[in-house]
file my_file.csv (CSV, N, CA and C atoms)
chain,number,residue,atom,x,y,z
A,230,MET,N,-36.8,-28.2,-17.6
A,230,MET,CA,-37.1,-26.8,-17.8
A,230,MET,C,-37.2,-26.6,-19.4
A,231,SER,N,-38.2,-25.9,-19.8
A,231,SER,CA,-38.3,-25.6,-21.2
A,231,SER,C,-37.3,-24.7,-21.7
A,232,ASP,N,-37.1,-24.6,-23.0
A,232,ASP,CA,-36.2,-23.7,-23.7
A,232,ASP,C,-36.6,-22.3,-23.3
A,233,ALA,N,-37.8,-22.0,-23.3
A,233,ALA,CA,-38.3,-20.6,-23.0
A,233,ALA,C,-38.0,-20.3,-21.6
A,234,GLY,N,-38.1,-21.2,-20.7
A,234,GLY,CA,-37.8,-21.0,-19.3
A,234,GLY,C,-36.3,-20.8,-19.1
A,235,GLU,N,-35.5,-21.5,-19.7
A,235,GLU,CA,-34.1,-21.3,-19.7
A,235,GLU,C,-33.7,-20.0,-20.2
A,236,GLU,N,-34.3,-19.6,-21.3
A,236,GLU,CA,-33.9,-18.3,-21.9
A,236,GLU,C,-34.3,-17.2,-21.0
A,237,ALA,N,-35.5,-17.3,-20.3
A,237,ALA,CA,-35.9,-16.3,-19.4
A,237,ALA,C,-34.9,-16.1,-18.2
A,238,ILE,N,-34.5,-17.3,-17.7
A,238,ILE,CA,-33.5,-17.2,-16.6
A,238,ILE,C,-32.2,-16.6,-17.0
A,239,VAL,N,-31.7,-17.0,-18.2
A,239,VAL,CA,-30.4,-16.4,-18.7
A,239,VAL,C,-30.6,-14.9,-18.9
A,240,ARG,N,-31.7,-14.5,-19.4
A,240,ARG,CA,-32.0,-13.1,-19.7
A,240,ARG,C,-32.0,-12.3,-18.4
A,241,ARG,N,-32.7,-12.9,-17.3
A,241,ARG,CA,-32.7,-12.2,-16.0
A,241,ARG,C,-31.3,-12.1,-15.4
A,242,TRP,N,-30.5,-13.2,-15.6
A,242,TRP,CA,-29.1,-13.3,-15.1
A,242,TRP,C,-28.3,-12.2,-15.7
A,243,ARG,N,-28.4,-12.1,-17.0
A,243,ARG,CA,-27.6,-11.1,-17.8
A,243,ARG,C,-28.1,-9.7,-17.4
A,244,ASP,N,-29.4,-9.5,-17.2
A,244,ASP,CA,-29.9,-8.2,-16.8
A,244,ASP,C,-29.3,-7.8,-15.4
A,245,LEU,N,-29.3,-8.8,-14.5
A,245,LEU,CA,-28.7,-8.6,-13.2
A,245,LEU,C,-27.2,-8.2,-13.3
A,246,LEU,N,-26.5,-8.9,-14.1
A,246,LEU,CA,-25.0,-8.6,-14.3
A,246,LEU,C,-24.8,-7.2,-14.8
A,247,ALA,N,-25.7,-6.8,-15.8
A,247,ALA,CA,-25.6,-5.5,-16.4
A,247,ALA,C,-25.9,-4.4,-15.4
A,248,CYS,N,-26.9,-4.6,-14.6
A,248,CYS,CA,-27.3,-3.7,-13.5
A,248,CYS,C,-26.1,-3.5,-12.5
A,249,TYR,N,-25.6,-4.7,-12.1
A,249,TYR,CA,-24.5,-4.6,-11.1
A,249,TYR,C,-23.3,-3.9,-11.7
A,250,SER,N,-22.9,-4.2,-12.9
A,250,SER,CA,-21.8,-3.5,-13.6
A,250,SER,C,-22.0,-2.0,-13.6
A,251,THR,N,-23.2,-1.6,-14.1
A,251,THR,CA,-23.5,-0.2,-14.2
A,251,THR,C,-23.4,0.5,-12.8
A,252,VAL,N,-24.0,0.0,-11.8
A,252,VAL,CA,-24.1,0.6,-10.5
A,252,VAL,C,-22.7,0.6,-9.8
A,253,SER,N,-22.0,-0.6,-9.9
A,253,SER,CA,-20.7,-0.7,-9.2
A,253,SER,C,-19.7,0.3,-9.9
A,254,CYS,N,-19.7,0.4,-11.2
A,254,CYS,CA,-18.8,1.3,-11.8
A,254,CYS,C,-19.1,2.8,-11.4
A,255,ALA,N,-20.4,3.2,-11.4
A,255,ALA,CA,-20.8,4.5,-11.0
A,255,ALA,C,-20.4,4.8,-9.6
A,256,LEU,N,-20.6,3.8,-8.7
A,256,LEU,CA,-20.4,3.9,-7.3
A,256,LEU,C,-18.9,4.0,-7.1
A,257,ASP,N,-18.1,3.2,-7.7
A,257,ASP,CA,-16.6,3.2,-7.5
A,257,ASP,C,-16.1,4.5,-8.0
A,258,ARG,N,-16.5,5.0,-9.1
A,258,ARG,CA,-16.0,6.3,-9.6
A,258,ARG,C,-16.4,7.5,-8.7
A,259,ALA,N,-17.7,7.5,-8.2
A,259,ALA,CA,-18.1,8.6,-7.4
A,259,ALA,C,-17.4,8.6,-6.0
A,260,LEU,N,-17.2,7.4,-5.4
A,260,LEU,CA,-16.5,7.3,-4.2
A,260,LEU,C,-15.0,7.7,-4.3
A,261,GLN,N,-14.4,7.3,-5.4
A,261,GLN,CA,-13.0,7.6,-5.6
A,261,GLN,C,-12.8,9.1,-5.9
A,262,ASP,N,-13.7,9.7,-6.7
A,262,ASP,CA,-13.6,11.1,-7.0
A,262,ASP,C,-13.8,12.0,-5.8
A,263,ALA,N,-14.8,11.6,-5.0
A,263,ALA,CA,-15.2,12.5,-3.9
A,263,ALA,C,-14.5,12.2,-2.6
A,264,HIS,N,-14.1,11.0,-2.4
A,264,HIS,CA,-13.6,10.6,-1.0
A,264,HIS,C,-12.2,9.8,-1.1
A,265,GLY,N,-11.7,9.5,-2.2
A,265,GLY,CA,-10.4,8.8,-2.3
A,265,GLY,C,-10.5,7.4,-1.9
A,266,ILE,N,-11.7,6.8,-1.9
A,266,ILE,CA,-11.8,5.3,-1.6
A,266,ILE,C,-12.6,4.7,-2.7
A,267,GLY,N,-12.4,3.4,-2.9
A,267,GLY,CA,-13.2,2.6,-3.8
A,267,GLY,C,-14.4,2.0,-3.1
A,268,MET,N,-15.2,1.3,-3.9
A,268,MET,CA,-16.4,0.6,-3.4
A,268,MET,C,-16.0,-0.5,-2.4
A,269,SER,N,-14.9,-1.2,-2.6
A,269,SER,CA,-14.5,-2.2,-1.6
A,269,SER,C,-14.1,-1.6,-0.3
A,270,GLU,N,-13.4,-0.5,-0.3
A,270,GLU,CA,-13.0,0.2,0.9
A,270,GLU,C,-14.2,0.7,1.6
A,271,PHE,N,-15.2,1.3,0.9
A,271,PHE,CA,-16.4,1.8,1.5
A,271,PHE,C,-17.2,0.6,2.1
A,272,GLU,N,-17.3,-0.5,1.4
A,272,GLU,CA,-18.0,-1.6,2.0
A,272,GLU,C,-17.4,-2.1,3.3
A,273,ALA,N,-16.1,-2.2,3.3
A,273,ALA,CA,-15.4,-2.6,4.6
A,273,ALA,C,-15.7,-1.6,5.7
A,274,LEU,N,-15.6,-0.3,5.4
A,274,LEU,CA,-16.0,0.7,6.5
A,274,LEU,C,-17.4,0.5,6.9
A,275,ASP,N,-18.3,0.4,5.9
A,275,ASP,CA,-19.7,0.3,6.2
A,275,ASP,C,-20.0,-1.0,7.0
A,276,ARG,N,-19.4,-2.1,6.8
A,276,ARG,CA,-19.6,-3.3,7.6
A,276,ARG,C,-19.1,-3.1,9.0
A,277,LEU,N,-18.0,-2.3,9.2
A,277,LEU,CA,-17.5,-2.0,10.5
A,277,LEU,C,-18.5,-1.1,11.3
A,278,VAL,N,-19.0,-0.1,10.6
A,278,VAL,CA,-20.0,0.7,11.2
A,278,VAL,C,-21.3,0.0,11.6
A,279,ASP,N,-21.7,-0.9,10.7
A,279,ASP,CA,-23.0,-1.6,10.9
A,279,ASP,C,-22.8,-2.6,12.0
A,280,ALA,N,-21.6,-3.1,12.3
A,280,ALA,CA,-21.4,-4.0,13.4
A,280,ALA,C,-21.6,-3.4,14.8
A,281,THR,N,-21.7,-2.1,14.8
A,281,THR,CA,-22.0,-1.4,16.1
A,281,THR,C,-20.8,-1.4,17.1
A,282,CYS,N,-20.0,-2.4,17.0
A,282,CYS,CA,-18.8,-2.5,17.9
A,282,CYS,C,-17.6,-1.8,17.2
A,283,GLU,N,-17.7,-1.6,15.9
A,283,GLU,CA,-16.6,-1.0,15.2
A,283,GLU,C,-15.3,-1.7,15.3
A,284,GLN,N,-15.3,-2.9,15.7
A,284,GLN,CA,-14.1,-3.8,15.7
A,284,GLN,C,-14.6,-5.2,15.4
A,285,ARG,N,-13.9,-5.8,14.4
A,285,ARG,CA,-14.3,-7.1,14.0
A,285,ARG,C,-13.1,-7.9,13.6
A,286,ARG,N,-13.2,-9.2,13.8
A,286,ARG,CA,-12.1,-10.1,13.3
A,286,ARG,C,-12.1,-10.1,11.8
A,287,MET,N,-11.0,-10.1,11.2
A,287,MET,CA,-10.8,-10.2,9.7
A,287,MET,C,-11.7,-11.3,9.2
A,288,HIS,N,-11.6,-12.5,9.9
A,288,HIS,CA,-12.4,-13.6,9.4
A,288,HIS,C,-13.9,-13.3,9.3
A,289,ASP,N,-14.4,-12.7,10.4
A,289,ASP,CA,-15.8,-12.3,10.4
A,289,ASP,C,-16.2,-11.3,9.3
A,290,LEU,N,-15.3,-10.3,9.2
A,290,LEU,CA,-15.5,-9.3,8.1
A,290,LEU,C,-15.5,-10.0,6.7
A,291,ALA,N,-14.6,-10.9,6.5
A,291,ALA,CA,-14.6,-11.6,5.2
A,291,ALA,C,-15.9,-12.4,5.0
A,292,GLY,N,-16.4,-12.9,6.0
A,292,GLY,CA,-17.7,-13.7,5.8
A,292,GLY,C,-18.8,-12.8,5.4
A,293,ASP,N,-18.8,-11.5,5.7
A,293,ASP,CA,-19.9,-10.6,5.4
A,293,ASP,C,-19.7,-10.0,4.0
A,294,MET,N,-18.5,-10.1,3.4
A,294,MET,CA,-18.2,-9.4,2.2
A,294,MET,C,-18.1,-10.3,1.0
A,295,TYR,N,-18.1,-9.7,-0.1
A,295,TYR,CA,-18.0,-10.5,-1.4
A,295,TYR,C,-16.6,-10.7,-1.9
A,296,LEU,N,-15.6,-10.3,-1.0
A,296,LEU,CA,-14.2,-10.3,-1.4
A,296,LEU,C,-13.6,-11.6,-0.9
A,297,SER,N,-12.5,-12.1,-1.6
A,297,SER,CA,-11.8,-13.2,-1.1
A,297,SER,C,-11.0,-12.7,0.1
A,298,GLN,N,-10.4,-13.7,0.8
A,298,GLN,CA,-9.6,-13.3,2.0
A,298,GLN,C,-8.4,-12.4,1.6
A,299,SER,N,-7.7,-12.8,0.5
A,299,SER,CA,-6.6,-12.0,0.1
A,299,SER,C,-7.0,-10.6,-0.4
A,300,ALA,N,-8.1,-10.5,-1.1
A,300,ALA,CA,-8.6,-9.2,-1.6
A,300,ALA,C,-9.0,-8.3,-0.4
A,301,LEU,N,-9.6,-8.9,0.6
A,301,LEU,CA,-10.0,-8.2,1.8
A,301,LEU,C,-8.8,-7.7,2.5
A,302,SER,N,-7.7,-8.5,2.6
A,302,SER,CA,-6.5,-8.1,3.3
A,302,SER,C,-5.9,-6.9,2.6
A,303,ARG,N,-5.9,-6.9,1.3
A,303,ARG,CA,-5.3,-5.8,0.5
A,303,ARG,C,-6.2,-4.5,0.8
A,304,THR,N,-7.5,-4.7,0.8
A,304,THR,CA,-8.4,-3.6,1.0
A,304,THR,C,-8.2,-3.0,2.4
A,305,VAL,N,-8.1,-3.9,3.4
A,305,VAL,CA,-7.9,-3.4,4.8
A,305,VAL,C,-6.5,-2.7,4.9
A,306,ALA,N,-5.5,-3.2,4.2
A,306,ALA,CA,-4.2,-2.6,4.2
A,306,ALA,C,-4.2,-1.2,3.6
A,307,ARG,N,-5.0,-1.0,2.6
A,307,ARG,CA,-5.2,0.4,2.0
A,307,ARG,C,-5.9,1.3,3.0
A,308,LEU,N,-6.9,0.8,3.7
A,308,LEU,CA,-7.6,1.6,4.7
A,308,LEU,C,-6.7,1.9,5.8
A,309,GLU,N,-5.8,0.9,6.2
A,309,GLU,CA,-4.9,1.2,7.3
A,309,GLU,C,-3.8,2.2,6.9
A,310,ARG,N,-3.3,2.2,5.7
A,310,ARG,CA,-2.3,3.2,5.3
A,310,ARG,C,-3.0,4.6,5.2
A,311,ALA,N,-4.3,4.6,5.0
A,311,ALA,CA,-5.0,5.9,4.9
A,311,ALA,C,-5.4,6.4,6.3
A,312,GLY,N,-5.1,5.6,7.4
A,312,GLY,CA,-5.5,5.9,8.7
A,312,GLY,C,-6.9,5.8,9.1
A,313,LEU,N,-7.6,5.0,8.3
A,313,LEU,CA,-9.1,4.8,8.5
A,313,LEU,C,-9.5,3.6,9.3
A,314,VAL,N,-8.5,2.6,9.4
A,314,VAL,CA,-8.7,1.5,10.3
A,314,VAL,C,-7.4,1.2,11.0
A,315,GLU,N,-7.4,0.4,12.0
A,315,GLU,CA,-6.2,-0.2,12.6
A,315,GLU,C,-6.4,-1.7,12.7
A,316,ARG,N,-5.2,-2.4,12.5
A,316,ARG,CA,-5.2,-3.8,12.6
A,316,ARG,C,-4.4,-4.2,13.9
A,317,THR,N,-5.0,-5.1,14.7
A,317,THR,CA,-4.3,-5.6,15.9
A,317,THR,C,-4.5,-7.0,16.0
A,318,MET,N,-3.7,-7.7,16.9
A,318,MET,CA,-3.9,-9.1,17.2
A,318,MET,C,-5.1,-9.1,18.2
A,319,CYS,N,-5.9,-10.2,18.0
A,319,CYS,CA,-7.0,-10.4,18.9
A,319,CYS,C,-6.5,-10.8,20.3
A,320,ALA,N,-7.0,-10.2,21.3
A,320,ALA,CA,-6.5,-10.5,22.7
A,320,ALA,C,-6.8,-11.9,23.1
A,321,ASP,N,-8.0,-12.4,22.7
A,321,ASP,CA,-8.3,-13.8,23.1
A,321,ASP,C,-7.9,-14.9,22.2
A,322,ASP,N,-7.4,-14.5,21.0
A,322,ASP,CA,-6.9,-15.5,20.0
A,322,ASP,C,-5.7,-14.9,19.2
A,323,ARG,N,-4.5,-15.1,19.6
A,323,ARG,CA,-3.3,-14.5,19.1
A,323,ARG,C,-3.2,-14.8,17.6
A,324,ARG,N,-3.9,-15.8,17.0
A,324,ARG,CA,-3.8,-16.1,15.6
A,324,ARG,C,-4.7,-15.2,14.8
A,325,ALA,N,-5.6,-14.6,15.4
A,325,ALA,CA,-6.6,-13.8,14.7
A,325,ALA,C,-6.2,-12.3,14.7
A,326,ILE,N,-6.7,-11.6,13.6
A,326,ILE,CA,-6.5,-10.2,13.5
A,326,ILE,C,-7.8,-9.4,13.6
A,327,SER,N,-7.8,-8.4,14.4
A,327,SER,CA,-9.0,-7.5,14.5
A,327,SER,C,-8.8,-6.3,13.7
A,328,VAL,N,-9.9,-5.8,13.2
A,328,VAL,CA,-9.9,-4.5,12.4
A,328,VAL,C,-10.8,-3.5,13.2
A,329,THR,N,-10.2,-2.4,13.5
A,329,THR,CA,-10.9,-1.4,14.3
A,329,THR,C,-11.0,-0.1,13.5
A,330,LEU,N,-12.2,0.5,13.4
A,330,LEU,CA,-12.5,1.8,12.8
A,330,LEU,C,-11.8,2.9,13.6
A,331,THR,N,-11.1,3.8,12.9
A,331,THR,CA,-10.6,5.0,13.6
A,331,THR,C,-11.6,6.1,13.5
A,332,GLU,N,-11.3,7.2,14.2
A,332,GLU,CA,-12.2,8.4,14.1
A,332,GLU,C,-12.2,8.9,12.7
A,333,ALA,N,-11.0,8.9,12.1
A,333,ALA,CA,-10.9,9.4,10.7
A,333,ALA,C,-11.7,8.5,9.8
A,334,GLY,N,-11.7,7.2,10.0
A,334,GLY,CA,-12.5,6.2,9.3
A,334,GLY,C,-14.0,6.4,9.5
A,335,ARG,N,-14.4,6.7,10.7
A,335,ARG,CA,-15.8,7.0,11.0
A,335,ARG,C,-16.3,8.3,10.2
A,336,GLU,N,-15.4,9.3,10.2
A,336,GLU,CA,-15.8,10.5,9.5
A,336,GLU,C,-15.8,10.3,8.0
A,337,ARG,N,-14.8,9.6,7.4
A,337,ARG,CA,-14.8,9.3,6.0
A,337,ARG,C,-16.0,8.5,5.6
A,338,HIS,N,-16.4,7.5,6.4
A,338,HIS,CA,-17.6,6.7,6.1
A,338,HIS,C,-18.8,7.6,6.1
A,339,ALA,N,-19.0,8.5,7.1
A,339,ALA,CA,-20.2,9.3,7.1
A,339,ALA,C,-20.3,10.2,5.9
A,340,GLN,N,-19.2,10.7,5.4
A,340,GLN,CA,-19.2,11.5,4.2
A,340,GLN,C,-19.5,10.7,3.0
A,341,ALA,N,-18.8,9.5,2.9
A,341,ALA,CA,-18.9,8.7,1.7
A,341,ALA,C,-20.3,8.0,1.7
A,342,ARG,N,-20.9,7.8,2.8
A,342,ARG,CA,-22.2,7.2,2.9
A,342,ARG,C,-23.3,8.0,2.1
A,343,ARG,N,-23.2,9.3,2.2
A,343,ARG,CA,-24.1,10.2,1.5
A,343,ARG,C,-23.9,10.0,0.0
A,344,THR,N,-22.7,9.9,-0.5
A,344,THR,CA,-22.4,9.7,-1.9
A,344,THR,C,-22.9,8.3,-2.3
A,345,GLN,N,-22.6,7.3,-1.5
A,345,GLN,CA,-23.1,5.9,-1.9
A,345,GLN,C,-24.6,5.9,-2.0
A,346,ARG,N,-25.3,6.5,-1.0
A,346,ARG,CA,-26.8,6.5,-1.1
A,346,ARG,C,-27.3,7.3,-2.3
A,347,ALA,N,-26.7,8.4,-2.6
A,347,ALA,CA,-27.1,9.1,-3.8
A,347,ALA,C,-26.9,8.3,-5.1
A,348,VAL,N,-25.8,7.6,-5.2
A,348,VAL,CA,-25.6,6.8,-6.4
A,348,VAL,C,-26.6,5.7,-6.5
A,349,LEU,N,-26.8,5.0,-5.4
A,349,LEU,CA,-27.8,3.9,-5.4
A,349,LEU,C,-29.2,4.5,-5.7
A,350,ALA,N,-29.6,5.6,-5.1
A,350,ALA,CA,-30.9,6.2,-5.4
A,350,ALA,C,-31.0,6.5,-6.9
A,351,GLU,N,-29.9,7.0,-7.5
A,351,GLU,CA,-29.9,7.4,-8.9
A,351,GLU,C,-30.1,6.1,-9.8
A,352,HIS,N,-29.5,5.0,-9.4
A,352,HIS,CA,-29.5,3.8,-10.3
A,352,HIS,C,-30.5,2.7,-10.0
A,353,LEU,N,-31.0,2.7,-8.8
A,353,LEU,CA,-31.9,1.6,-8.3
A,353,LEU,C,-33.2,2.2,-8.0
A,354,VAL,N,-34.2,1.6,-8.5
A,354,VAL,CA,-35.6,2.0,-8.2
A,354,VAL,C,-36.0,1.2,-6.9
A,355,PRO,N,-36.5,1.9,-5.9
A,355,PRO,CA,-36.8,1.2,-4.6
A,355,PRO,C,-38.0,0.3,-4.9
A,356,GLU,N,-38.0,-0.8,-4.1
A,356,GLU,CA,-39.2,-1.7,-4.2
A,356,GLU,C,-40.4,-1.0,-3.6
A,357,PRO,N,-41.6,-1.2,-4.1
A,357,PRO,CA,-42.7,-0.6,-3.6
A,357,PRO,C,-43.0,-1.1,-2.2
A,358,VAL,N,-43.5,-0.3,-1.3
A,358,VAL,CA,-43.8,-0.7,0.0
A,358,VAL,C,-45.2,-1.3,0.0
A,359,PRO,N,-45.4,-2.5,0.6
A,359,PRO,CA,-46.7,-3.1,0.5
A,359,PRO,C,-47.7,-2.3,1.3
A,360,VAL,N,-48.9,-2.2,0.8
A,360,VAL,CA,-50.0,-1.5,1.4
A,360,VAL,C,-50.7,-2.5,2.3
A,361,ARG,N,-50.9,-2.2,3.6
A,361,ARG,CA,-51.6,-3.0,4.5
A,361,ARG,C,-53.0,-2.7,4.6
A,362,ALA,N,-53.8,-3.7,4.7
A,362,ALA,CA,-55.3,-3.4,4.8
A,362,ALA,C,-55.5,-3.0,6.3
A,363,ASN,N,-56.5,-2.2,6.5
A,363,ASN,CA,-56.9,-1.8,7.9
A,363,ASN,C,-57.3,-3.1,8.7
A,364,ALA,N,-56.9,-3.1,9.9
A,364,ALA,CA,-57.2,-4.3,10.7
A,364,ALA,C,-58.6,-4.2,11.2
call {"tool": "encode", "arguments": {"input": "my_file.csv", "output": "structure tokens"}}
result
Amino acid sequence: MSDAGEEAIVRRWRDLLACYSTVSCALDRALQDAHGIGMSEFEALDRLVDATCEQRRMHDLAGDMYLSQSALSRTVARLERAGLVERTMCADDRRAISVTLTEAGRERHAQARRTQRAVLAEHLVPEPVPVRANA
């Protein structure tokens, strides 16, 4: 790879990091101020809602998220203390823990989702929709 190619890749990487930092800080602040949860808590709730079953094994939830297992455990513990999720032993595997969304968690997620989408819309430009030629 040429020096110019390396410089372009490093510049893109740094731009990506700067964008992530800006958006994640704005998102974390907005969610905390309006709903009393941070970005990680929102993402855990969002993954539970997206799963459609609203109950997932901790291991599966960890696989979908950007958090380490211990960071996810702390996040879920905060959500549980707030009454937004419940943790239980899995019926079919007593070694595993399931996380279930509560009604309060579902409501908080619905409210926070609007805030999250507004922050994302403010900071991220949507990708253009490809125009299809007539068949």
call {"tool": "atom_distance", "arguments": {"input": "my_file.csv", "atom1": "atom CA of A:Glu272", "atom2": "atom C of A:Gln345"}}
result
10.8 Å
call {"tool": "residues_around", "arguments": {"input": "my_file.csv", "residues": "A:Ser297", "least_positions_apart": "6", "cutoff": "12 Å", "atoms": "only C-alpha atoms", "output": "number ranges by chain"}}
result
A: 269, 287-288, 290-291, 303-304
call {"tool": "atom_distance", "arguments": {"input": "my_file.csv", "atom1": "atom N of A:Ala347", "atom2": "atom C of A:Glu270"}}
result
15.3 Å
call {"tool": "residues_near_point", "arguments": {"input": "my_file.csv", "point": "(-20.3, 3.2, 1.7)", "cutoff": "5 Å", "atoms": "all atoms listed in the file", "output": "number ranges by chain"}}
result
A: 271-272, 341-342
call {"tool": "select_by_dssp", "arguments": {"input": "my_file.csv", "residues": "chain A", "states": "strand (DSSP E or B)", "output": "list in words"}}
result
Gln284, Arg285, Arg286, Val314, Glu315, Arg316, Thr317, Met318, Ile326, Ser327, Val328, Thr329 and Leu330 of chain A
call {"tool": "closest_residue", "arguments": {"input": "my_file.csv", "among": "A:Leu296, A:Leu274, A:Tyr249, A:Leu353", "to": "A:Gly334", "atoms": "all atoms listed in the file"}}
result
A:Leu274
call {"tool": "atom_distance", "arguments": {"input": "my_file.csv", "atom1": "atom CA of A:Leu246", "atom2": "atom N of A:Thr344"}}
result
23.2 Å
call {"tool": "residues_around", "arguments": {"input": "my_file.csv", "residues": "A:Glu332", "least_positions_apart": "3", "cutoff": "8 Å", "atoms": "all atoms listed in the file", "output": "JSON, numbers by chain"}}
result
{"A": [312, 313, 314, 329, 335, 336, 337, 338]}
call {"tool": "select_by_dssp", "arguments": {"input": "my_file.csv", "residues": "stretch 268-328 of chain A", "states": "helix (DSSP H, G or I)", "output": "VMD selection string"}}
result
chain A and resid 268 to 279 287 to 293 298 to 310
call {"tool": "residues_around", "arguments": {"input": "my_file.csv", "residues": "stretch 324-326 of chain A", "least_positions_apart": "4", "cutoff": "6 Å", "atoms": "only N, CA and C atoms", "output": "list in words"}}
result
Arg285, Arg286, Met287, Thr317, Met318 and Cys319 of chain A
call {"tool": "write_last_selection", "arguments": {"input": "my_file.csv", "atoms": "N, CA and C atoms", "output": "PDB file, keeping the file's coordinate frame"}}
result
ATOM      1  N   ARG A 285     -13.900  -5.800  14.400  1.00  0.00           N
ATOM      2  CA  ARG A 285     -14.300  -7.100  14.000  1.00  0.00           C
ATOM      3  C   ARG A 285     -13.100  -7.900  13.600  1.00  0.00           C
ATOM      4  N   ARG A 286     -13.200  -9.200  13.800  1.00  0.00           N
ATOM      5  CA  ARG A 286     -12.100 -10.100  13.300  1.00  0.00           C
ATOM      6  C   ARG A 286     -12.100 -10.100  11.800  1.00  0.00           C
ATOM      7  N   MET A 287     -11.000 -10.100  11.200  1.00  0.00           N
ATOM      8  CA  MET A 287     -10.800 -10.200   9.700  1.00  0.00           C
ATOM      9  C   MET A 287     -11.700 -11.300   9.200  1.00  0.00           C
ATOM     10  N   THR A 317      -5.000  -5.100  14.700  1.00  0.00           N
ATOM     11  CA  THR A 317      -4.300  -5.600  15.900  1.00  0.00           C
ATOM     12  C   THR A 317      -4.500  -7.000  16.000  1.00  0.00           C
ATOM     13  N   MET A 318      -3.700  -7.700  16.900  1.00  0.00           N
ATOM     14  CA  MET A 318      -3.900  -9.100  17.200  1.00  0.00           C
ATOM     15  C   MET A 318      -5.100  -9.100  18.200  1.00  0.00           C
ATOM     16  N   CYS A 319      -5.900 -10.200  18.000  1.00  0.00           N
ATOM     17  CA  CYS A 319      -7.000 -10.400  18.900  1.00  0.00           C
ATOM     18  C   CYS A 319      -6.500 -10.800  20.300  1.00  0.00           C
TER      19      CYS A 319
END
call {"tool": "decode", "arguments": {"input": "my_file.csv", "residues": "stretch 298-303 of chain A", "atoms": "all heavy atoms", "output": "PDB file, in the first residue's frame"}}
result
ATOM      1  N   GLN A 298     -18.660  -8.995  28.375  1.00  0.00           N
ATOM      2  CA  GLN A 298     -19.618  -9.732  29.209  1.00  0.00           C
ATOM      3  C   GLN A 298     -19.816  -9.040  30.557  1.00  0.00           C
ATOM      4  O   GLN A 298     -20.934  -8.899  31.034  1.00  0.00           O
ATOM      5  CB  GLN A 298     -19.141 -11.175  29.411  1.00  0.00           C
ATOM      6  CG  GLN A 298     -20.118 -12.040  30.182  1.00  0.00           C
ATOM      7  CD  GLN A 298     -21.378 -12.353  29.392  1.00  0.00           C
ATOM      8  OE1 GLN A 298     -21.308 -12.642  28.210  1.00  0.00           O
ATOM      9  NE2 GLN A 298     -22.526 -12.309  30.037  1.00  0.00           N
ATOM     10  N   SER A 299     -18.730  -8.581  31.170  1.00  0.00           N
ATOM     11  CA  SER A 299     -18.867  -7.938  32.485  1.00  0.00           C
ATOM     12  C   SER A 299     -19.563  -6.582  32.367  1.00  0.00           C
ATOM     13  O   SER A 299     -20.374  -6.233  33.223  1.00  0.00           O
ATOM     14  CB  SER A 299     -17.509  -7.800  33.176  1.00  0.00           C
ATOM     15  OG  SER A 299     -16.675  -6.917  32.476  1.00  0.00           O
ATOM     16  N   ALA A 300     -19.266  -5.817  31.314  1.00  0.00           N
ATOM     17  CA  ALA A 300     -19.956  -4.524  31.123  1.00  0.00           C
ATOM     18  C   ALA A 300     -21.442  -4.743  30.868  1.00  0.00           C
ATOM     19  O   ALA A 300     -22.288  -3.998  31.378  1.00  0.00           O
ATOM     20  CB  ALA A 300     -19.322  -3.745  29.978  1.00  0.00           C
ATOM     21  N   LEU A 301     -21.780  -5.777  30.102  1.00  0.00           N
ATOM     22  CA  LEU A 301     -23.192  -6.090  29.865  1.00  0.00           C
ATOM     23  C   LEU A 301     -23.870  -6.508  31.168  1.00  0.00           C
ATOM     24  O   LEU A 301     -25.000  -6.089  31.441  1.00  0.00           O
ATOM     25  CB  LEU A 301     -23.348  -7.182  28.812  1.00  0.00           C
ATOM     26  CG  LEU A 301     -24.798  -7.600  28.548  1.00  0.00           C
ATOM     27  CD1 LEU A 301     -25.635  -6.438  28.021  1.00  0.00           C
ATOM     28  CD2 LEU A 301     -24.831  -8.773  27.572  1.00  0.00           C
ATOM     29  N   SER A 302     -23.193  -7.283  31.986  1.00  0.00           N
ATOM     30  CA  SER A 302     -23.767  -7.694  33.281  1.00  0.00           C
ATOM     31  C   SER A 302     -24.069  -6.481  34.149  1.00  0.00           C
ATOM     32  O   SER A 302     -25.129  -6.410  34.782  1.00  0.00           O
ATOM     33  CB  SER A 302     -22.819  -8.630  34.022  1.00  0.00           C
ATOM     34  OG  SER A 302     -22.734  -9.859  33.356  1.00  0.00           O
ATOM     35  N   ARG A 303     -23.166  -5.514  34.179  1.00  0.00           N
ATOM     36  CA  ARG A 303     -23.419  -4.288  34.956  1.00  0.00           C
ATOM     37  C   ARG A 303     -24.575  -3.485  34.366  1.00  0.00           C
ATOM     38  O   ARG A 303     -25.399  -2.937  35.090  1.00  0.00           O
ATOM     39  CB  ARG A 303     -22.141  -3.443  35.030  1.00  0.00           C
ATOM     40  CG  ARG A 303     -21.053  -4.070  35.896  1.00  0.00           C
ATOM     41  CD  ARG A 303     -19.882  -3.125  36.129  1.00  0.00           C
ATOM     42  NE  ARG A 303     -19.283  -2.607  34.916  1.00  0.00           N
ATOM     43  CZ  ARG A 303     -18.313  -3.194  34.237  1.00  0.00           C
ATOM     44  NH1 ARG A 303     -17.815  -4.355  34.656  1.00  0.00           N
ATOM     45  NH2 ARG A 303     -17.810  -2.636  33.158  1.00  0.00           N
TER      46      ARG A 303
END
